[in-house]
Amino acid sequence: MARTSSFDTADSLRVAQMYYLQDQTMDAIARELRTSRSTISRLLSAARESGLVEVQIRPRHDRAPELARLLRERYSVDVHVVPVPGILNEGEVLERVAMQAARTISPLIDSDAVIGLAWGSTLSALSRHLQPKATHDCTFVQLNGAGNTRTSGIAYASEILGRFGHAFGARVVQFPVPTFFDQASTKRAMWQERSVQRILDWQQRMSMVIFSVGSVEAELPSRVYAGGYLDAADRASLEADDAVGDIATVFFRADGSAEGIALNERSSGPSLELLRSIRRRVCVVSGQAKAASLQGALAAGLVTELILDEASARRLADAG
């Protein structure tokens, strides 16, 4: 074996098979291959980073941490609690959650699937930690438009979709419309256009969606609240309608209801009815300030799998 800092795929694969499939220690592999233990460690890291090895942790439900078990039983969703030390700031917590979420979600991405993606700070962080995995005929479709009066939003949304597409060798379908239309009648007219109907048809075929929840109270505000998407009148309207948060810029109340929330009539996001009809709905949450919004999403039945940081999980458990 070459003793250099540059390793080829064959070296990484050989060492990964010996370590993961033959249960040999790194010291034993190093002796057999006549190289150093540090070289074996670097080869194993290269195997994980290149996608040759996919590490999964699957705790049995009866042995899962108590906090995850409590939330699973209370809300009837699959829960992954990310252990995070309390000394980290919210940005650091987001990175930890995004990293674990990317590795948890990767095995769920299958060939011949249509998967909806929201955009925002959490999904952007998650997309930066994706590990490559080969799929066939997989499609990622944007759930809602990203344009506002300051920007088209196309570059931002396409960056997130592009990372998913690159990681899984999949096609991406963008949704180049405003996040919110000025008039509900404009949206209804736009939804009759064949180019828009093509994207809406992709959304009807989704078997999985990946999203976070938006909350104006977060220390790191959701992009829709901080990026010029809502003016003073919009915020006043949401307050009057008792909205606590959103998924893909479709808003809901603490009890999960959405009827009568005026801004939803102008939103380009999918209806909550459509979201509920999708078999797998993966929600990734970082930050305790999103607890109220997350509770609303859970009350609305919009989540089947939840990945969240430990402090947020505790707050959610205490609020119940």
# chains A, B, ... in the order shown; residues from 1 in each chain; ligands from 1
>>> select_by_dssp(residues="region 66-217 of chain A", states="alpha helix (DSSP H)", output="ChimeraX atom specification")
/A:66-75,90-105,121-127,154-168,184-190,194-204
>>> residues_around(residues="Cys283 (chain A)", least_positions_apart="4", cutoff="8 Å", atoms="only C-alpha atoms", output="CSV table (one decimal) with N, CA, C and O atoms, in the first residue's frame")
chain,number,residue,atom,x,y,z
A,210,ILE,N,-38.9,17.5,2.8
A,210,ILE,CA,-37.9,17.9,3.8
A,210,ILE,C,-38.0,19.4,4.1
A,210,ILE,O,-37.9,20.2,3.1
A,211,PHE,N,-38.2,19.7,5.3
A,211,PHE,CA,-38.4,21.1,5.6
A,211,PHE,C,-38.1,21.4,7.1
A,211,PHE,O,-37.8,20.5,7.9
A,212,SER,N,-38.1,22.7,7.4
A,212,SER,CA,-38.0,23.1,8.8
A,212,SER,C,-39.3,24.0,9.1
A,212,SER,O,-40.2,24.1,8.2
A,213,VAL,N,-39.4,24.5,10.3
A,213,VAL,CA,-40.5,25.4,10.6
A,213,VAL,C,-39.9,26.8,10.8
A,213,VAL,O,-38.8,27.0,11.3
A,303,VAL,N,-45.9,16.4,10.4
A,303,VAL,CA,-44.6,15.8,10.6
A,303,VAL,C,-44.7,14.3,10.8
A,303,VAL,O,-45.6,13.8,11.6
A,304,THR,N,-43.9,13.5,10.1
A,304,THR,CA,-43.8,12.1,10.4
A,304,THR,C,-42.5,11.7,11.0
A,304,THR,O,-42.4,10.7,11.8
A,305,GLU,N,-41.4,12.5,10.7
A,305,GLU,CA,-40.1,12.3,11.3
A,305,GLU,C,-39.5,13.6,11.7
A,305,GLU,O,-39.5,14.6,10.9
A,306,LEU,N,-39.0,13.7,12.9
A,306,LEU,CA,-38.5,14.9,13.5
A,306,LEU,C,-37.1,14.8,13.9
A,306,LEU,O,-36.8,13.9,14.7
A,307,ILE,N,-36.3,15.7,13.5
A,307,ILE,CA,-34.9,15.8,13.9
A,307,ILE,C,-34.7,17.1,14.6
A,307,ILE,O,-34.9,18.2,14.0
>>> closest_residue(among="A:Gly169, A:Gly256, A:Gly91, A:Gly145", to="Ile109 (chain A)", atoms="only C-alpha atoms")
A:Gly169
>>> residues_around(residues="Glu54 (chain A)", least_positions_apart="2", cutoff="12 Å", atoms="only C-alpha atoms", output="ChimeraX atom specification")
/A:16,20,44-52,56-57,102-108,130-134
>>> write_last_selection(atoms="N, CA and C atoms", output="CSV table (one decimal), in the first residue's frame")
chain,number,residue,atom,x,y,z
A,16,ALA,N,-12.0,-0.2,4.5
A,16,ALA,CA,-13.4,-0.1,5.0
A,16,ALA,C,-14.0,-1.5,5.2
A,20,TYR,N,-15.2,-2.6,8.8
A,20,TYR,CA,-16.6,-2.7,9.0
A,20,TYR,C,-17.3,-4.0,8.8
A,44,LEU,N,-10.2,5.4,6.4
A,44,LEU,CA,-11.6,5.2,6.9
A,44,LEU,C,-12.4,6.5,6.8
A,45,SER,N,-11.7,7.6,7.1
A,45,SER,CA,-12.4,8.9,7.0
A,45,SER,C,-12.7,9.2,5.5
A,46,ALA,N,-11.7,8.9,4.6
A,46,ALA,CA,-11.9,9.1,3.2
A,46,ALA,C,-13.1,8.3,2.7
A,47,ALA,N,-13.2,7.0,3.2
A,47,ALA,CA,-14.3,6.1,2.8
A,47,ALA,C,-15.6,6.7,3.2
A,48,ARG,N,-15.7,7.3,4.4
A,48,ARG,CA,-17.0,7.9,4.8
A,48,ARG,C,-17.3,9.1,4.0
A,49,GLU,N,-16.3,10.0,3.8
A,49,GLU,CA,-16.5,11.3,3.2
A,49,GLU,C,-16.9,11.1,1.7
A,50,SER,N,-16.4,10.1,1.1
A,50,SER,CA,-16.6,9.8,-0.4
A,50,SER,C,-17.9,9.1,-0.6
A,51,GLY,N,-18.6,8.6,0.5
A,51,GLY,CA,-19.8,7.8,0.3
A,51,GLY,C,-19.6,6.3,0.1
A,52,LEU,N,-18.4,5.8,0.2
A,52,LEU,CA,-18.2,4.4,0.1
A,52,LEU,C,-18.8,3.7,1.3
A,56,GLN,N,-24.9,4.3,9.9
A,56,GLN,CA,-26.3,4.5,10.4
A,56,GLN,C,-26.3,4.0,11.9
A,57,ILE,N,-27.0,4.8,12.7
A,57,ILE,CA,-27.3,4.4,14.1
A,57,ILE,C,-28.7,4.2,14.2
A,102,ALA,N,-28.3,15.5,8.0
A,102,ALA,CA,-27.9,15.1,6.7
A,102,ALA,C,-27.6,13.6,6.6
A,103,ARG,N,-26.9,13.1,7.7
A,103,ARG,CA,-26.6,11.7,7.7
A,103,ARG,C,-27.8,10.8,8.0
A,104,THR,N,-28.8,11.4,8.7
A,104,THR,CA,-30.0,10.6,9.0
A,104,THR,C,-30.9,10.6,7.8
A,105,ILE,N,-30.9,11.6,7.0
A,105,ILE,CA,-31.8,11.7,5.9
A,105,ILE,C,-31.3,10.9,4.7
A,106,SER,N,-30.0,10.9,4.5
A,106,SER,CA,-29.4,10.3,3.3
A,106,SER,C,-29.9,8.9,3.0
A,107,PRO,N,-30.0,8.0,4.0
A,107,PRO,CA,-30.5,6.6,3.7
A,107,PRO,C,-32.0,6.6,3.3
A,108,LEU,N,-32.7,7.7,3.5
A,108,LEU,CA,-34.1,7.8,3.2
A,108,LEU,C,-34.3,8.2,1.7
A,130,LEU,N,-24.3,17.2,3.1
A,130,LEU,CA,-24.8,15.9,2.5
A,130,LEU,C,-23.6,15.1,2.0
A,131,GLN,N,-23.7,13.8,2.1
A,131,GLN,CA,-22.7,12.9,1.7
A,131,GLN,C,-23.1,12.3,0.3
A,132,PRO,N,-22.3,12.1,-0.6
A,132,PRO,CA,-22.7,11.6,-2.0
A,132,PRO,C,-23.3,10.2,-1.8
A,133,LYS,N,-24.3,10.0,-2.6
A,133,LYS,CA,-25.0,8.7,-2.7
A,133,LYS,C,-25.6,8.5,-4.1
A,134,ALA,N,-25.3,7.4,-4.7
A,134,ALA,CA,-25.8,7.3,-6.1
A,134,ALA,C,-27.3,6.8,-6.1
>>> residues_around(residues="Phe164 (chain A)", least_positions_apart="5", cutoff="9 Å", atoms="only C-alpha atoms", output="PyMOL selection string")
chain A and resi 127-128+130+140+159+169-170+172
>>> write_last_selection(atoms="N, CA and C atoms", output="PDB file, in the first residue's frame")
ATOM      1  N   SER A 127     -27.863  21.142   3.603  1.00  0.00           N
ATOM      2  CA  SER A 127     -27.369  20.802   2.257  1.00  0.00           C
ATOM      3  C   SER A 127     -25.853  20.833   2.177  1.00  0.00           C
ATOM      4  N   ARG A 128     -25.210  21.592   3.055  1.00  0.00           N
ATOM      5  CA  ARG A 128     -23.745  21.666   3.038  1.00  0.00           C
ATOM      6  C   ARG A 128     -23.087  20.429   3.633  1.00  0.00           C
ATOM      7  N   LEU A 130     -24.332  17.155   3.141  1.00  0.00           N
ATOM      8  CA  LEU A 130     -24.770  15.939   2.460  1.00  0.00           C
ATOM      9  C   LEU A 130     -23.583  15.117   1.989  1.00  0.00           C
ATOM     10  N   PHE A 140     -35.638  16.229  -7.116  1.00  0.00           N
ATOM     11  CA  PHE A 140     -35.902  17.158  -6.025  1.00  0.00           C
ATOM     12  C   PHE A 140     -36.659  18.354  -6.593  1.00  0.00           C
ATOM     13  N   GLU A 159     -29.142  27.059  -5.179  1.00  0.00           N
ATOM     14  CA  GLU A 159     -27.942  26.561  -4.504  1.00  0.00           C
ATOM     15  C   GLU A 159     -28.289  25.379  -3.605  1.00  0.00           C
ATOM     16  N   GLY A 169     -27.056  12.634  -7.374  1.00  0.00           N
ATOM     17  CA  GLY A 169     -27.109  12.415  -8.819  1.00  0.00           C
ATOM     18  C   GLY A 169     -28.522  12.544  -9.362  1.00  0.00           C
ATOM     19  N   ALA A 170     -29.257  13.537  -8.878  1.00  0.00           N
ATOM     20  CA  ALA A 170     -30.676  13.663  -9.188  1.00  0.00           C
ATOM     21  C   ALA A 170     -30.956  14.921 -10.002  1.00  0.00           C
ATOM     22  N   VAL A 172     -33.211  18.361 -10.626  1.00  0.00           N
ATOM     23  CA  VAL A 172     -33.849  19.336  -9.749  1.00  0.00           C
ATOM     24  C   VAL A 172     -34.873  20.134 -10.548  1.00  0.00           C
TER      25      VAL A 172
END
>>> decode(residues="region 28-39 of chain A", atoms="all heavy atoms", output="PDB file, in the first residue's frame")
ATOM      1  N   ALA A  28      -4.788  -3.951  13.836  1.00  0.00           N
ATOM      2  CA  ALA A  28      -4.626  -5.212  13.114  1.00  0.00           C
ATOM      3  C   ALA A  28      -4.537  -4.975  11.610  1.00  0.00           C
ATOM      4  O   ALA A  28      -3.725  -5.609  10.910  1.00  0.00           O
ATOM      5  CB  ALA A  28      -5.802  -6.141  13.429  1.00  0.00           C
ATOM      6  N   ILE A  29      -5.356  -4.052  11.095  1.00  0.00           N
ATOM      7  CA  ILE A  29      -5.312  -3.747   9.657  1.00  0.00           C
ATOM      8  C   ILE A  29      -3.972  -3.128   9.296  1.00  0.00           C
ATOM      9  O   ILE A  29      -3.368  -3.457   8.264  1.00  0.00           O
ATOM     10  CB  ILE A  29      -6.478  -2.806   9.281  1.00  0.00           C
ATOM     11  CG1 ILE A  29      -7.821  -3.485   9.541  1.00  0.00           C
ATOM     12  CG2 ILE A  29      -6.383  -2.403   7.805  1.00  0.00           C
ATOM     13  CD1 ILE A  29      -9.011  -2.551   9.415  1.00  0.00           C
ATOM     14  N   ALA A  30      -3.505  -2.212  10.138  1.00  0.00           N
ATOM     15  CA  ALA A  30      -2.216  -1.559   9.873  1.00  0.00           C
ATOM     16  C   ALA A  30      -1.088  -2.581   9.808  1.00  0.00           C
ATOM     17  O   ALA A  30      -0.210  -2.502   8.934  1.00  0.00           O
ATOM     18  CB  ALA A  30      -1.937  -0.508  10.951  1.00  0.00           C
ATOM     19  N   ARG A  31      -1.104  -3.553  10.737  1.00  0.00           N
ATOM     20  CA  ARG A  31      -0.062  -4.584  10.713  1.00  0.00           C
ATOM     21  C   ARG A  31      -0.157  -5.422   9.449  1.00  0.00           C
ATOM     22  O   ARG A  31       0.857  -5.720   8.803  1.00  0.00           O
ATOM     23  CB  ARG A  31      -0.197  -5.480  11.946  1.00  0.00           C
ATOM     24  CG  ARG A  31       0.261  -4.830  13.245  1.00  0.00           C
ATOM     25  CD  ARG A  31       0.460  -5.872  14.338  1.00  0.00           C
ATOM     26  NE  ARG A  31      -0.789  -6.595  14.618  1.00  0.00           N
ATOM     27  CZ  ARG A  31      -1.692  -6.213  15.507  1.00  0.00           C
ATOM     28  NH1 ARG A  31      -1.507  -5.082  16.199  1.00  0.00           N
ATOM     29  NH2 ARG A  31      -2.777  -6.938  15.718  1.00  0.00           N
ATOM     30  N   GLU A  32      -1.374  -5.804   9.071  1.00  0.00           N
ATOM     31  CA  GLU A  32      -1.544  -6.662   7.896  1.00  0.00           C
ATOM     32  C   GLU A  32      -1.114  -5.952   6.622  1.00  0.00           C
ATOM     33  O   GLU A  32      -0.522  -6.567   5.723  1.00  0.00           O
ATOM     34  CB  GLU A  32      -3.007  -7.100   7.793  1.00  0.00           C
ATOM     35  CG  GLU A  32      -3.270  -8.050   6.619  1.00  0.00           C
ATOM     36  CD  GLU A  32      -4.676  -8.628   6.635  1.00  0.00           C
ATOM     37  OE1 GLU A  32      -5.251  -8.782   7.746  1.00  0.00           O
ATOM     38  OE2 GLU A  32      -5.199  -8.916   5.547  1.00  0.00           O
ATOM     39  N   LEU A  33      -1.423  -4.667   6.526  1.00  0.00           N
ATOM     40  CA  LEU A  33      -1.110  -3.917   5.312  1.00  0.00           C
ATOM     41  C   LEU A  33       0.239  -3.211   5.386  1.00  0.00           C
ATOM     42  O   LEU A  33       0.618  -2.497   4.460  1.00  0.00           O
ATOM     43  CB  LEU A  33      -2.214  -2.892   5.033  1.00  0.00           C
ATOM     44  CG  LEU A  33      -3.619  -3.474   4.807  1.00  0.00           C
ATOM     45  CD1 LEU A  33      -4.613  -2.356   4.523  1.00  0.00           C
ATOM     46  CD2 LEU A  33      -3.629  -4.485   3.670  1.00  0.00           C
ATOM     47  N   ARG A  34       0.904  -3.409   6.514  1.00  0.00           N
ATOM     48  CA  ARG A  34       2.246  -2.854   6.697  1.00  0.00           C
ATOM     49  C   ARG A  34       2.254  -1.335   6.518  1.00  0.00           C
ATOM     50  O   ARG A  34       3.046  -0.777   5.744  1.00  0.00           O
ATOM     51  CB  ARG A  34       3.241  -3.521   5.754  1.00  0.00           C
ATOM     52  CG  ARG A  34       3.400  -5.000   6.013  1.00  0.00           C
ATOM     53  CD  ARG A  34       4.428  -5.629   5.100  1.00  0.00           C
ATOM     54  NE  ARG A  34       4.565  -7.052   5.373  1.00  0.00           N
ATOM     55  CZ  ARG A  34       5.391  -7.867   4.721  1.00  0.00           C
ATOM     56  NH1 ARG A  34       6.168  -7.377   3.747  1.00  0.00           N
ATOM     57  NH2 ARG A  34       5.459  -9.153   5.042  1.00  0.00           N
ATOM     58  N   THR A  35       1.386  -0.691   7.231  1.00  0.00           N
ATOM     59  CA  THR A  35       1.323   0.771   7.207  1.00  0.00           C
ATOM     60  C   THR A  35       1.022   1.250   8.622  1.00  0.00           C
ATOM     61  O   THR A  35       0.985   0.449   9.567  1.00  0.00           O
ATOM     62  CB  THR A  35       0.253   1.259   6.214  1.00  0.00           C
ATOM     63  OG1 THR A  35       0.340   2.677   6.081  1.00  0.00           O
ATOM     64  CG2 THR A  35      -1.143   0.875   6.653  1.00  0.00           C
ATOM     65  N   SER A  36       0.822   2.520   8.811  1.00  0.00           N
ATOM     66  CA  SER A  36       0.601   3.075  10.147  1.00  0.00           C
ATOM     67  C   SER A  36      -0.887   3.111  10.496  1.00  0.00           C
ATOM     68  O   SER A  36      -1.768   3.104   9.621  1.00  0.00           O
ATOM     69  CB  SER A  36       1.172   4.491  10.228  1.00  0.00           C
ATOM     70  OG  SER A  36       0.427   5.365   9.390  1.00  0.00           O
ATOM     71  N   ARG A  37      -1.166   3.180  11.793  1.00  0.00           N
ATOM     72  CA  ARG A  37      -2.543   3.283  12.255  1.00  0.00           C
ATOM     73  C   ARG A  37      -3.178   4.596  11.793  1.00  0.00           C
ATOM     74  O   ARG A  37      -4.364   4.637  11.454  1.00  0.00           O
ATOM     75  CB  ARG A  37      -2.586   3.215  13.788  1.00  0.00           C
ATOM     76  CG  ARG A  37      -3.996   3.086  14.364  1.00  0.00           C
ATOM     77  CD  ARG A  37      -3.925   3.074  15.881  1.00  0.00           C
ATOM     78  NE  ARG A  37      -5.197   2.707  16.483  1.00  0.00           N
ATOM     79  CZ  ARG A  37      -6.210   3.560  16.667  1.00  0.00           C
ATOM     80  NH1 ARG A  37      -6.080   4.817  16.272  1.00  0.00           N
ATOM     81  NH2 ARG A  37      -7.332   3.150  17.229  1.00  0.00           N
ATOM     82  N   SER A  38      -2.396   5.679  11.753  1.00  0.00           N
ATOM     83  CA  SER A  38      -2.929   6.966  11.305  1.00  0.00           C
ATOM     84  C   SER A  38      -3.334   6.912   9.832  1.00  0.00           C
ATOM     85  O   SER A  38      -4.318   7.540   9.427  1.00  0.00           O
ATOM     86  CB  SER A  38      -1.900   8.073  11.534  1.00  0.00           C
ATOM     87  OG  SER A  38      -0.719   7.830  10.788  1.00  0.00           O
ATOM     88  N   THR A  39      -2.595   6.131   9.032  1.00  0.00           N
ATOM     89  CA  THR A  39      -2.959   5.963   7.627  1.00  0.00           C
ATOM     90  C   THR A  39      -4.304   5.241   7.504  1.00  0.00           C
ATOM     91  O   THR A  39      -5.169   5.619   6.705  1.00  0.00           O
ATOM     92  CB  THR A  39      -1.876   5.182   6.872  1.00  0.00           C
ATOM     93  OG1 THR A  39      -0.680   5.950   6.850  1.00  0.00           O
ATOM     94  CG2 THR A  39      -2.301   4.892   5.441  1.00  0.00           C
TER      95      THR A  39
END
